[in-house]
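Data block for protein.cif (mmCIF, C-alpha atoms and all ligand atoms):
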```
data_input
#
loop_
_atom_site.label_atom_id
_atom_site.label_comp_id
_atom_site.auth_asym_id
_atom_site.auth_seq_id
_atom_site.Cartn_x
_atom_site.Cartn_y
_atom_site.Cartn_z
CA MET A 1 99.85 102.99 112.23
CA THR A 2 99.38 99.71 114.04
CA GLY A 3 98.26 100.60 117.51
CA VAL A 4 98.32 102.91 120.47
CA GLU A 5 99.60 102.70 124.01
CA ALA A 6 97.51 104.06 126.83
CA LEU A 7 99.49 106.38 129.11
CA VAL A 8 98.09 107.65 132.36
CA ARG A 9 98.30 111.28 133.45
CA TRP A 10 96.69 112.98 136.43
CA ARG A 11 95.20 116.41 135.97
CA HIS A 12 95.62 117.54 139.54
CA PRO A 13 93.51 120.58 140.52
CA GLY A 14 96.36 122.22 142.43
CA ARG A 15 99.56 120.76 141.02
CA GLY A 16 98.75 120.65 137.32
CA LEU A 17 99.46 117.75 135.01
CA LEU A 18 101.27 114.94 136.83
CA GLY A 19 103.25 112.23 135.06
CA PRO A 20 103.05 108.60 136.14
CA ASP A 21 106.35 108.78 138.06
CA GLU A 22 104.65 111.17 140.43
CA PHE A 23 101.80 108.90 141.47
CA VAL A 24 102.12 105.33 140.15
CA PRO A 25 104.82 104.33 142.69
CA LEU A 26 102.56 105.65 145.45
CA ALA A 27 99.62 103.70 144.05
CA GLU A 28 101.82 100.60 143.99
CA ARG A 29 102.86 101.05 147.61
CA THR A 30 99.33 101.60 148.85
CA GLY A 31 97.65 98.85 146.85
CA LEU A 32 95.57 101.34 144.87
CA VAL A 33 97.34 100.34 141.69
CA ARG A 34 94.90 97.52 140.94
CA GLU A 35 92.06 100.01 140.95
CA LEU A 36 94.16 102.37 138.82
CA THR A 37 94.82 99.60 136.31
CA ARG A 38 91.10 98.89 136.13
CA VAL A 39 90.35 102.54 135.44
CA VAL A 40 93.03 102.65 132.76
CA LEU A 41 91.89 99.39 131.16
CA GLY A 42 88.30 100.63 131.18
CA SER A 43 89.06 104.00 129.60
CA ALA A 44 91.47 102.51 127.05
CA LEU A 45 88.93 99.92 125.91
CA ARG A 46 86.11 102.46 125.87
CA GLN A 47 88.22 104.65 123.60
CA ALA A 48 89.15 101.67 121.41
CA ARG A 49 85.42 101.05 120.99
CA VAL A 50 84.83 104.68 119.98
CA TRP A 51 87.61 104.44 117.38
CA ARG A 52 86.30 101.12 116.11
CA GLU A 53 82.87 102.62 115.57
CA ALA A 54 84.55 105.41 113.62
CA GLY A 55 86.25 102.83 111.40
CA LEU A 56 89.63 102.91 113.16
CA ASP A 57 90.57 99.43 114.22
CA LEU A 58 93.39 100.21 116.64
CA PRO A 59 94.74 97.73 119.14
CA VAL A 60 95.45 99.35 122.50
CA SER A 61 98.28 98.51 124.87
CA VAL A 62 97.92 98.90 128.61
CA ASN A 63 100.76 98.71 131.13
CA LEU A 64 100.45 96.38 134.09
CA SER A 65 102.14 96.69 137.43
CA ALA A 66 103.64 93.85 139.46
CA ARG A 67 100.64 93.85 141.78
CA ASP A 68 98.26 93.32 138.88
CA LEU A 69 99.90 90.03 138.03
CA LEU A 70 99.42 88.79 141.58
CA ASP A 71 95.70 89.32 141.10
CA LEU A 72 94.15 86.01 140.07
CA ASP A 73 90.96 87.91 139.20
CA LEU A 74 92.70 89.97 136.53
CA PRO A 75 91.76 87.68 133.60
CA ARG A 76 88.11 87.83 134.65
CA THR A 77 88.25 91.60 134.97
CA VAL A 78 89.79 91.90 131.51
CA ALA A 79 87.22 89.52 130.01
CA ALA A 80 84.35 91.53 131.50
CA LEU A 81 85.72 94.81 130.16
CA LEU A 82 86.28 93.39 126.67
CA GLU A 83 82.72 92.12 126.68
CA ARG A 84 81.32 95.42 127.93
CA HIS A 85 82.98 97.26 125.07
CA ALA A 86 82.31 94.50 122.54
CA LEU A 87 85.96 94.19 121.56
CA PRO A 88 87.80 91.06 120.40
CA ALA A 89 90.49 90.06 122.90
CA ASP A 90 93.28 90.44 120.35
CA ARG A 91 92.65 94.19 120.24
CA LEU A 92 94.17 94.42 123.71
CA GLU A 93 97.87 94.10 124.47
CA LEU A 94 99.10 94.01 128.05
CA GLU A 95 102.62 95.25 128.74
CA LEU A 96 104.66 94.11 131.66
CA THR A 97 108.24 94.62 132.72
CA GLU A 98 110.74 91.94 133.55
CA SER A 99 110.58 92.81 137.24
CA VAL A 100 106.84 92.14 137.22
CA ILE A 101 107.41 88.58 136.11
CA LEU A 102 110.25 87.96 138.51
CA ALA A 103 108.18 89.08 141.52
CA ASP A 104 106.24 85.80 141.52
CA PRO A 105 106.96 83.76 138.40
CA MET A 106 104.52 80.95 139.19
CA ARG A 107 101.54 83.19 139.74
CA ALA A 108 102.53 85.40 136.82
CA ARG A 109 102.56 82.33 134.62
CA ALA A 110 99.09 81.29 135.77
CA VAL A 111 97.60 84.75 135.18
CA LEU A 112 99.35 85.26 131.84
CA GLY A 113 98.37 81.78 130.68
CA ARG A 114 94.70 82.58 131.19
CA LEU A 115 94.98 85.95 129.46
CA ASP A 116 96.78 84.33 126.54
CA ALA A 117 94.10 81.64 126.29
CA MET A 118 91.51 84.42 125.99
CA GLY A 119 93.42 85.86 123.03
CA VAL A 120 94.93 88.91 124.74
CA THR A 121 98.51 89.55 123.60
CA ILE A 122 101.37 90.00 126.05
CA ALA A 123 104.42 92.22 125.54
CA ILE A 124 107.57 92.63 127.63
CA ASP A 125 108.06 96.36 128.22
CA ASP A 126 111.38 98.20 128.75
CA PHE A 127 113.17 95.07 127.58
CA GLY A 128 116.81 94.91 128.61
CA SER A 129 116.61 97.47 131.39
CA GLY A 130 115.81 95.14 134.28
CA TYR A 131 117.36 92.11 135.87
CA SER A 132 116.36 89.57 133.36
CA SER A 133 116.43 85.89 132.85
CA LEU A 134 115.81 85.20 129.20
CA ALA A 135 114.19 81.91 130.17
CA TYR A 136 110.80 83.54 130.64
CA LEU A 137 110.72 84.38 126.94
CA LYS A 138 110.22 80.71 126.19
CA ARG A 139 108.21 79.78 129.27
CA LEU A 140 105.65 82.58 129.16
CA PRO A 141 103.10 83.31 126.44
CA VAL A 142 104.88 86.44 125.22
CA SER A 143 104.17 87.81 121.73
CA ALA A 144 106.32 90.92 121.66
CA ILE A 145 109.32 92.60 123.22
CA LYS A 146 109.70 96.36 123.49
CA ILE A 147 113.33 97.47 123.50
CA ASP A 148 113.95 99.97 126.29
CA ARG A 149 114.18 103.55 125.09
CA SER A 150 117.57 104.07 126.73
CA PHE A 151 119.20 101.79 124.12
CA VAL A 152 117.21 103.12 121.16
CA MET A 153 117.71 106.81 121.87
CA ASN A 154 121.50 106.59 121.81
CA MET A 155 122.01 103.93 119.18
CA GLU A 156 123.31 106.47 116.65
CA ARG A 157 126.02 107.66 119.03
CA ASP A 158 126.82 104.67 121.22
CA ASP A 159 128.13 101.52 119.57
CA ASN A 160 127.22 99.35 122.55
CA ASP A 161 123.62 100.53 122.44
CA ALA A 162 123.52 99.85 118.71
CA VAL A 163 124.77 96.31 119.27
CA ILE A 164 122.17 95.73 121.99
CA VAL A 165 119.35 96.95 119.74
CA ARG A 166 120.54 94.88 116.79
CA SER A 167 120.96 91.75 118.92
CA THR A 168 117.55 92.20 120.51
CA VAL A 169 115.88 92.55 117.11
CA GLU A 170 117.58 89.33 116.05
CA LEU A 171 116.70 87.56 119.28
CA GLY A 172 113.07 88.49 118.83
CA ARG A 173 113.02 87.47 115.20
CA ASN A 174 114.62 84.11 115.97
CA LEU A 175 112.12 83.43 118.74
CA GLY A 176 109.18 84.45 116.55
CA LEU A 177 108.45 87.56 118.64
CA ARG A 178 107.39 90.96 117.37
CA VAL A 179 109.99 93.59 118.28
CA VAL A 180 109.03 97.17 119.08
CA ALA A 181 111.62 99.95 119.48
CA GLU A 182 110.66 102.50 122.11
CA GLY A 183 111.90 106.07 122.28
CA VAL A 184 112.29 106.74 118.54
CA GLU A 185 112.91 110.47 118.26
CA THR A 186 114.90 110.99 115.08
CA VAL A 187 114.66 110.01 111.43
CA ALA A 188 118.21 108.62 111.64
CA VAL A 189 117.19 106.14 114.33
CA TRP A 190 114.02 105.27 112.42
CA ASN A 191 116.04 104.50 109.29
CA ARG A 192 118.54 102.42 111.24
CA LEU A 193 115.68 100.40 112.77
CA ALA A 194 114.22 99.88 109.31
CA GLU A 195 117.59 98.52 108.11
CA LEU A 196 117.60 96.12 111.06
CA ARG A 197 114.06 95.09 110.11
CA CYS A 198 112.66 96.01 113.49
CA ASP A 199 108.91 95.34 113.32
CA GLN A 200 107.50 98.43 114.99
CA ALA A 201 108.57 101.76 116.41
CA GLN A 202 107.07 104.23 118.82
CA GLY A 203 108.17 107.57 120.14
CA HIS A 204 108.11 111.30 119.72
CA LEU A 205 109.13 111.11 116.05
CA LEU A 206 105.63 109.74 115.42
CA SER A 207 103.76 111.59 118.12
CA PRO A 208 104.27 112.73 121.67
CA PRO A 209 101.61 111.46 124.07
CA VAL A 210 98.35 113.20 123.25
CA ALA A 211 94.76 113.12 124.45
CA ALA A 212 92.36 110.81 122.64
CA ALA A 213 90.54 113.55 120.73
CA GLU A 214 93.81 114.95 119.44
CA LEU A 215 94.93 111.52 118.31
CA THR A 216 91.68 111.07 116.43
CA ARG A 217 92.42 114.31 114.52
CA TRP A 218 96.03 113.21 113.93
CA LEU A 219 94.84 109.91 112.46
CA ALA A 220 92.34 111.66 110.21
CA GLU A 221 95.06 113.99 108.89
CA ARG A 222 97.38 111.13 108.11
CA ALA A 223 94.61 109.23 106.37
CA ARG A 224 93.98 112.14 103.98
CA PRO A 225 95.99 111.62 100.79
CA ALA A 226 96.86 115.32 100.51
CA ALA A 227 98.30 115.49 104.00
CA PRO A 228 102.07 116.00 104.26
CA ARG A 229 103.93 112.72 104.66
CA PRO A 230 105.39 111.93 108.04
CA PRO A 231 109.16 112.49 108.10
CA ALA A 232 109.91 108.83 108.58
CA ALA A 233 107.95 107.52 105.62
CA ALA A 234 109.24 110.30 103.40
CA SER A 235 112.83 109.44 104.21
CA ALA A 236 112.62 105.67 103.82
CA PRO A 237 114.53 105.26 100.57
CA ASP A 238 113.09 102.08 99.17
CA ALA A 239 110.03 99.92 99.36
CA ARG A 240 111.73 97.12 101.23
CA GLU A 241 112.78 99.40 104.04
CA ARG A 242 109.46 101.08 104.12
CA ARG A 243 107.78 97.73 104.43
CA ALA A 244 110.13 96.76 107.24
CA ALA A 245 109.29 99.92 109.08
CA ARG A 246 105.68 100.14 108.06
CA SER A 247 104.37 99.53 111.49
CA VAL A 248 104.28 102.54 113.68
CA ARG A 249 102.91 102.75 117.14
CA ALA A 250 101.95 106.17 118.19
CA VAL A 251 101.40 106.81 121.80
CA GLY A 252 97.86 107.44 122.90
CA PRO A 253 96.29 109.06 125.90
CA ALA A 254 93.91 107.80 128.51
CA ALA A 255 96.05 105.52 130.53
CA ARG A 256 99.38 104.92 132.14
CA ARG A 257 103.14 105.17 131.85
MN MN B 1 104.74 100.56 128.02
#
```
Would you write out, as structure tokens, the structure that this file holds?
Amino acid sequence: MTGVEALVRWRHPGRGLLGPDEFVPLAERTGLVRELTRVVLGSALRQARVWREAGLDLPVSVNLSARDLLDLDLPRTVAALLERHALPADRLELELTESVILADPMRARAVLGRLDAMGVTIAIDDFGSGYSSLAYLKRLPVSAIKIDRSFVMNMERDDNDAVIVRSTVELGRNLGLRVVAEGVETVAVWNRLAELRCDQAQGHLLSPPVAAAELTRWLAERARPAAPRPPAAASAPDARERRAARSVRAVGPAARR
């Protein structure tokens, strides 16, 4: 277990539990998304602090929207929140999609450069799904790429998807980037990723999105030696593969997407 991603949900009094697709685009159109990102960053870091005090040193990932990267105050906001929760900057990872960078590459570079200088890590989310220029991988301070779930989910059935996943893992490795596979739902896919020496995996095989308290219980159960082994670890046939696949990102609560 190497970290958690904050995913936002809205418990609407009348309409029940709303997923991000139902309100994040609206927040982006109306400009409220910056405030939303601040709320998510704040709650994710507050939770990271709670876990840290309980002896769980879990980095948290938070998704950014295109508008956030146009905000030259973002690095200052992030610094203030890290300080408030007494967390080292490298415990926070910010995820952005390719489209976010392409919206205003110059400004994105300025904002990301300052975040990187603070020690915050930057990951490219949904990698391969957007209109991408690979040039930003060398120009921007990116530490990780997250392969879009659409390629990972079908890699057992679709040869083209399998080639894309394998090539992306290699690309990341050759550029010195950590590679995360999103959307891992089966042991077969997990094992295939381990063979490819993909660094990390996340998805429903590990855990569906859960609230923070539930994740705390889940972590405690896994930490107990007597607890049943997770399917993935139990099926990894040898130590080398297990080591390759050792890193697992479960998906946490609190925040967005
Ligand atoms: Mn993400």
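Atom CA of Gly203 of chain A is positioned 5.9 Å from atom CA of Glu185 of chain A.
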Quiz item: Closest to Pro25 of chain A among A:Asp161, A:Ser43, A:Ala213, A:Arg67, using only C-alpha atoms?
Solution: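 Ranked by minimum distance to Pro25 of chain A, first place goes to A:Arg67.
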Practice problem: Select the residues contacting ligand MN 1 (chain B) at a distance of at most 10 Å, based on all atoms listed in the file, then format the selection as a ChimeraX atom specification. | Solution: /A:5-7,61-64,94-97,123-126,146,148,182,251,256-257
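Those DNA, RNA and protein residues that approach the point (91.8, 100.4, 111.9) to within 12 Å, considering only C-alpha atoms, are Met1, Thr2, Gly3, Val4, Ala48, Arg49, Val50, Trp51, Arg52, Glu53, Ala54, Gly55, Leu56, Asp57, Leu58, Pro59, Val60, Arg91, Thr216, Leu219, Ala220 and Ala223 of chain A.
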Self-check item: Counting only C-alpha atoms, the residue of A:Val184, A:Ser207, A:Gly19, A:Asp73 that sits nearest Arg222 of chain A
Solution: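 Ranked by minimum distance to Arg222 of chain A, first place goes to A:Ser207.
Between Gly172 of chain A and the candidates A:Leu36, A:Ala211, A:Leu18, A:Leu196, the tightest atom-to-atom separation, counting all atoms listed in the file, involves A:Leu196.
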Quiz item: Taking all atoms listed in the file into account, which of A:Leu205, A:Val163, A:Val24, A:Ile122 comes nearest Ser65 of chain A?
Solution: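 Nearest to Ser65 of chain A: A:Val24.
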Quiz item: Contacts of segment 106-119 of chain A at 6 Å or less, counting only C-alpha atoms, minus same-chain residues fewer than 3 places along, as a PyMOL selection string?
Solution: chain A and resi 69+75+89-90+101
Practice problem: Give me, please, the distance in Å between atom CA of Leu26 of chain A and atom CA of Glu93 of chain A, quoted to one decimal. | Solution: 24.4 Å
Quiz prompt | Å distance separating atom CA of Leu137 of chain A from atom CA of Leu175 of chain A, one decimal place | solution =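 Going from atom CA of Leu137 of chain A over to atom CA of Leu175 of chain A covers 8.4 Å.
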Self-check item: Proximity to Ala212 of chain A - best of A:Ala66, A:Ala44, A:Ala162, A:Ala194, only C-alpha atoms
Solution: A:Ala44
Could you give me the axis-aligned bounding box of segment 206-219 of chain A, with 5 Å of padding per side, as centre plus edge lengths in Å to one decimal, as lines of an AutoDock Vina configuration file?
```
center_x = 98.1
center_y = 112.3
center_z = 118.5
size_x = 25.1
size_y = 15.2
size_z = 22.0
```
